[in-house]
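Chemist: Encoded as structure tokens, here's the structure I'll be asking about.
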Amino acid sequence: MSEPVMQLKNVQKTIGKKSIIKGLNFDIYGGEVFGFLGPNGAGKTTTIRMMVGLMKMTDGDVIIQGQSVKNNFKGAIRHVGGIVENPEMYPFMSGWKNLVHYARMMPGVTEERMKEVVKLVGLEKRMKEKVGKYSLGMRQRLGIAQALLHKPSVLILDEPTNGLDPSGIREIRAYIRRLAEEEGVAVIVSSHILSEMEMMCDRIGIIKNGELISIQTVHDALQQTDEKEVSIEATPVDQTMVALQEMTGKEVNRKEELLTFTVEKEKIPSVVADLVQKGIRIYSVNVNRSTLEDKFLDLIGEGAIE
Amino acid sequence: MSNFFQLIKNEQMKLYNQKATWIMAILLVVLIVGIGTLLKIDDAITGGEGPTGDNWKQELQQQNEQLMSAGEQPPEIEYPGYTNVEMNQYRIENDLKPTPYNAWDFVRDNRDLVALVSLFTIIVAAGITANEFRWGTIKLLLIRPISRAKILLAKYVSVVIYALVMLFILYLLSFLVGSLLFGMGSFSPTYVYTQAGEIKDAALFSFTVSQYLLSFVELIMMATFAFMIASVFRNTSLAIGLAIFLMMAGSSIVLFFMEKEWAKYILFANTDLTQYMSGTPFVSGTSLGFSIAVLAVYYVVFMVLSWGFFTKRDVAGA
């Protein structure tokens, strides 16, 4: 991989005597979508606020394009675009004036660039309206627009799909992927919607109680094991259960008419064929994907907030 | 430097896109026109007619004699606007003929409305930073390649610009409305006033301009105070409330501690610089120079606190 665009080096935050963030170390590369995942209170937002200089680090540093956020804030932050928490804009001004406001704070943002960004997020027709009249989804788009004005190399989005309708979510997702893949932008996304993260991210960092407990490549997280969890709906249930236990040699769970067991993917067709041969009537066979959610819950455990 | 200009433009844009800003300006205009109309309808409020005829000296002399002979009983006098014997005498001696109430007098009287401009400026000063926190927009504002100190300075300068504009509107509109309703009089009539018991006169134009500018000092002190509270506590209502309370209660606070030796160091004993120009100083032991020094110290403290807190403190929580 190329040089990291953003590096977190032993980032720590202590408020009072409580250690909120206990030394985060990770790198983010251009062209990847990095998911930042963790239960509420784990320190996601605090970390993001430290990345963009809204909060000071107690120790450690964040390096963006070789510039230290601590020592050269202006040099580092010029490469960053972001939304921290909700996309809060000035409600009494039009969408366009809001963009003008942020454009004036960045060097070299032209009116063409502003129009380009507006078009990109699909808000051309609503720019003259006051932001107070926007839906949350529109504000989210405007938030992304302002973050992109100066062509940042790191884009930080806190809960970017929050408040969007399904088609909006899909658009934003596709758009984030395109930014990463075509423009080489490093995108950092935080979310608690796990299925969202799976579809969007290349890597996911899991944070718990201020510590990074794991970085997963989305690909691995999903296909680490060949064993699949399979559910079968069939009658007679008792006979099926016995047959399955014999075939797999493992425990079979029964939940009313539904039987669940684990088996290697390769063996699924033969299991089904055997059942059919035994005269069992099969109504449905489903492979339960081992999702990130299970993985996530496995990793953080229950009652994670200390 | 050019981006500082852009920041000022931003602050102005945000200010003038809010309805409240316009409501305040309209209130000021309505009040000026309203007060002018009221004075026009009932000229007793402006002190009635003055002795403006050719034999004004005799008339004033006569009135003085009436005033002195009457003792404690208020006499039926012809010119209720001219009841100060010494000032009347001064006019006669220096050949300063009274002029009828005109635009300049209206401008002079409307200096009281500077209190209203102060109130509006406090509202603006308190809101300009604290509202960014309330709206949540502070997070997007501070993640730009611009130092926090510069962003705050742009806000402060915008408050000062706002105050100057409002004060200018007050002065100019008072003059225009006054000219329309009462006539302009001469270019700049002479005004007679007392300063620490001594009677003086000045051209009304320069008198009003210096009065307005001296009031501006008080205005800026209170606005800076509100700005500081807003920057430290990030709460608009607290800043507005505290600043307005202190503005109203300022003189009572000074009166309460009048006997103490340190009373003269209280901010409010010094904010009204017009006390050195007309009238008598509030607390003994102060002078124009002393007050300016005390104000400067307070000003620096307000500024240091504003900048210290704004640039150093974390932006945490929603």
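So you can find residues: chains in the structure tokens are A, B, ... in the order shown, residues in each start at 1, and ligands are numbered from 1 in order.
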Just the alpha helix (DSSP H) stuff from stretch 147-195 of chain B, please, per backbone DSSP, written as a VMD selection string.
Modeler: chain B and resid 148 to 182
Chemist: Which chain B residues are at most 6 Å from chain A (counting only C-alpha atoms), as an NGL selection string?
Modeler: :B and (6 or 10 or 136-137 or 145 or 314-315)
Chemist: Do a neighbour search on A:Pro4 at 6 Å with only C-alpha atoms, toss out local chain neighbours closer than 3 positions, and write the hits as a PDB file with C-alpha atoms, in the first residue's frame.
Modeler:
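Result file out39.pdb:
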```pdb
ATOM      1  CA  ASP A  27      -2.830   4.374   9.850  1.00  0.00           C
ATOM      2  CA  ILE A  28      -5.325   5.260   7.177  1.00  0.00           C
ATOM      3  CA  TYR A  29      -4.401   5.090   3.517  1.00  0.00           C
TER       4      TYR A  29
END
```
Chemist: What parts of stretch 165-266 of chain A does DSSP call strand (DSSP E or B)? I'd like the answer as a ChimeraX atom specification.
Modeler: /A:186-191,203-208,211-217,227-235,253-255,258-264
Chemist: Save out the residues we just selected, C-alpha atoms, as an mmCIF file, in the first residue's frame.
Modeler:
```
data_model
loop_
_atom_site.group_PDB
_atom_site.id
_atom_site.type_symbol
_atom_site.label_atom_id
_atom_site.label_comp_id
_atom_site.auth_asym_id
_atom_site.auth_seq_id
_atom_site.Cartn_x
_atom_site.Cartn_y
_atom_site.Cartn_z
ATOM 1 C CA ALA A 186 -9.168 8.363 2.436
ATOM 2 C CA VAL A 187 -12.626 8.267 3.944
ATOM 3 C CA ILE A 188 -13.166 7.731 7.639
ATOM 4 C CA VAL A 189 -16.709 6.803 8.490
ATOM 5 C CA SER A 190 -18.065 6.273 11.936
ATOM 6 C CA SER A 191 -21.338 4.533 12.399
ATOM 7 C CA ARG A 203 -11.391 -1.886 6.871
ATOM 8 C CA ILE A 204 -13.118 -1.503 10.163
ATOM 9 C CA GLY A 205 -11.467 -0.460 13.392
ATOM 10 C CA ILE A 206 -13.328 -1.556 16.474
ATOM 11 C CA ILE A 207 -12.963 0.634 19.517
ATOM 12 C CA LYS A 208 -14.041 -0.288 22.996
ATOM 13 C CA GLU A 211 -8.924 1.158 23.063
ATOM 14 C CA LEU A 212 -8.677 -0.158 19.568
ATOM 15 C CA ILE A 213 -9.401 -3.815 20.043
ATOM 16 C CA SER A 214 -9.258 -4.983 16.461
ATOM 17 C CA ILE A 215 -8.875 -3.853 12.871
ATOM 18 C CA GLN A 216 -10.726 -6.116 10.484
ATOM 19 C CA THR A 217 -10.592 -6.199 6.760
ATOM 20 C CA GLU A 227 -18.392 -23.331 8.183
ATOM 21 C CA LYS A 228 -21.812 -21.931 7.647
ATOM 22 C CA GLU A 229 -24.791 -21.759 9.809
ATOM 23 C CA VAL A 230 -27.728 -23.317 7.928
ATOM 24 C CA SER A 231 -31.430 -23.254 8.790
ATOM 25 C CA ILE A 232 -33.797 -25.819 7.346
ATOM 26 C CA GLU A 233 -37.544 -25.882 7.490
ATOM 27 C CA ALA A 234 -38.746 -29.417 6.892
ATOM 28 C CA THR A 235 -41.261 -32.064 8.027
ATOM 29 C CA ASN A 253 -30.830 -26.546 17.354
ATOM 30 C CA ARG A 254 -34.572 -26.634 17.068
ATOM 31 C CA LYS A 255 -36.746 -23.617 17.192
ATOM 32 C CA LEU A 258 -36.861 -24.456 12.129
ATOM 33 C CA LEU A 259 -33.672 -26.465 12.534
ATOM 34 C CA THR A 260 -30.293 -24.777 12.684
ATOM 35 C CA PHE A 261 -26.914 -26.466 12.374
ATOM 36 C CA THR A 262 -23.393 -25.728 11.160
ATOM 37 C CA VAL A 263 -21.739 -27.381 8.222
ATOM 38 C CA GLU A 264 -19.031 -26.622 5.665
#
```
Chemist: What's the 9 Å shell around B:Gly185, counting only C-alpha atoms, without same-chain residues fewer than 4 positions away, as a VMD selection string?
Modeler: chain B and resid 99 to 104 179 189
Chemist: For the selection just defined, write its residues with N, CA and C atoms to a file, as a CSV table (one decimal), in the first residue's frame.
Modeler:
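Once written, part-v2.csv looks like this:
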```csv
chain,number,residue,atom,x,y,z
B,99,THR,N,-31.9,79.5,21.1
B,99,THR,CA,-32.5,79.2,19.8
B,99,THR,C,-33.7,78.2,20.1
B,100,PRO,N,-34.7,78.3,19.2
B,100,PRO,CA,-35.8,77.3,19.4
B,100,PRO,C,-35.3,75.9,19.2
B,101,TYR,N,-36.1,75.0,19.8
B,101,TYR,CA,-35.8,73.6,19.7
B,101,TYR,C,-35.6,73.2,18.2
B,102,ASN,N,-34.4,72.6,17.9
B,102,ASN,CA,-34.2,72.2,16.5
B,102,ASN,C,-33.5,70.9,16.4
B,103,ALA,N,-33.1,70.5,15.2
B,103,ALA,CA,-32.6,69.2,14.9
B,103,ALA,C,-31.4,68.9,15.9
B,104,TRP,N,-30.6,69.9,16.2
B,104,TRP,CA,-29.4,69.6,17.0
B,104,TRP,C,-29.8,69.2,18.4
B,179,SER,N,-34.5,67.6,11.7
B,179,SER,CA,-34.5,68.6,10.7
B,179,SER,C,-35.9,68.7,10.0
B,189,PRO,N,-25.9,75.5,16.5
B,189,PRO,CA,-26.2,76.5,17.6
B,189,PRO,C,-25.2,76.2,18.8
```
Chemist: Out of B:Ala296, B:Ile128, B:Val85, B:Leu31, which residue has the shortest atom-to-atom distance to B:Gln18 when counting only C-alpha atoms?
Modeler: B:Ile128
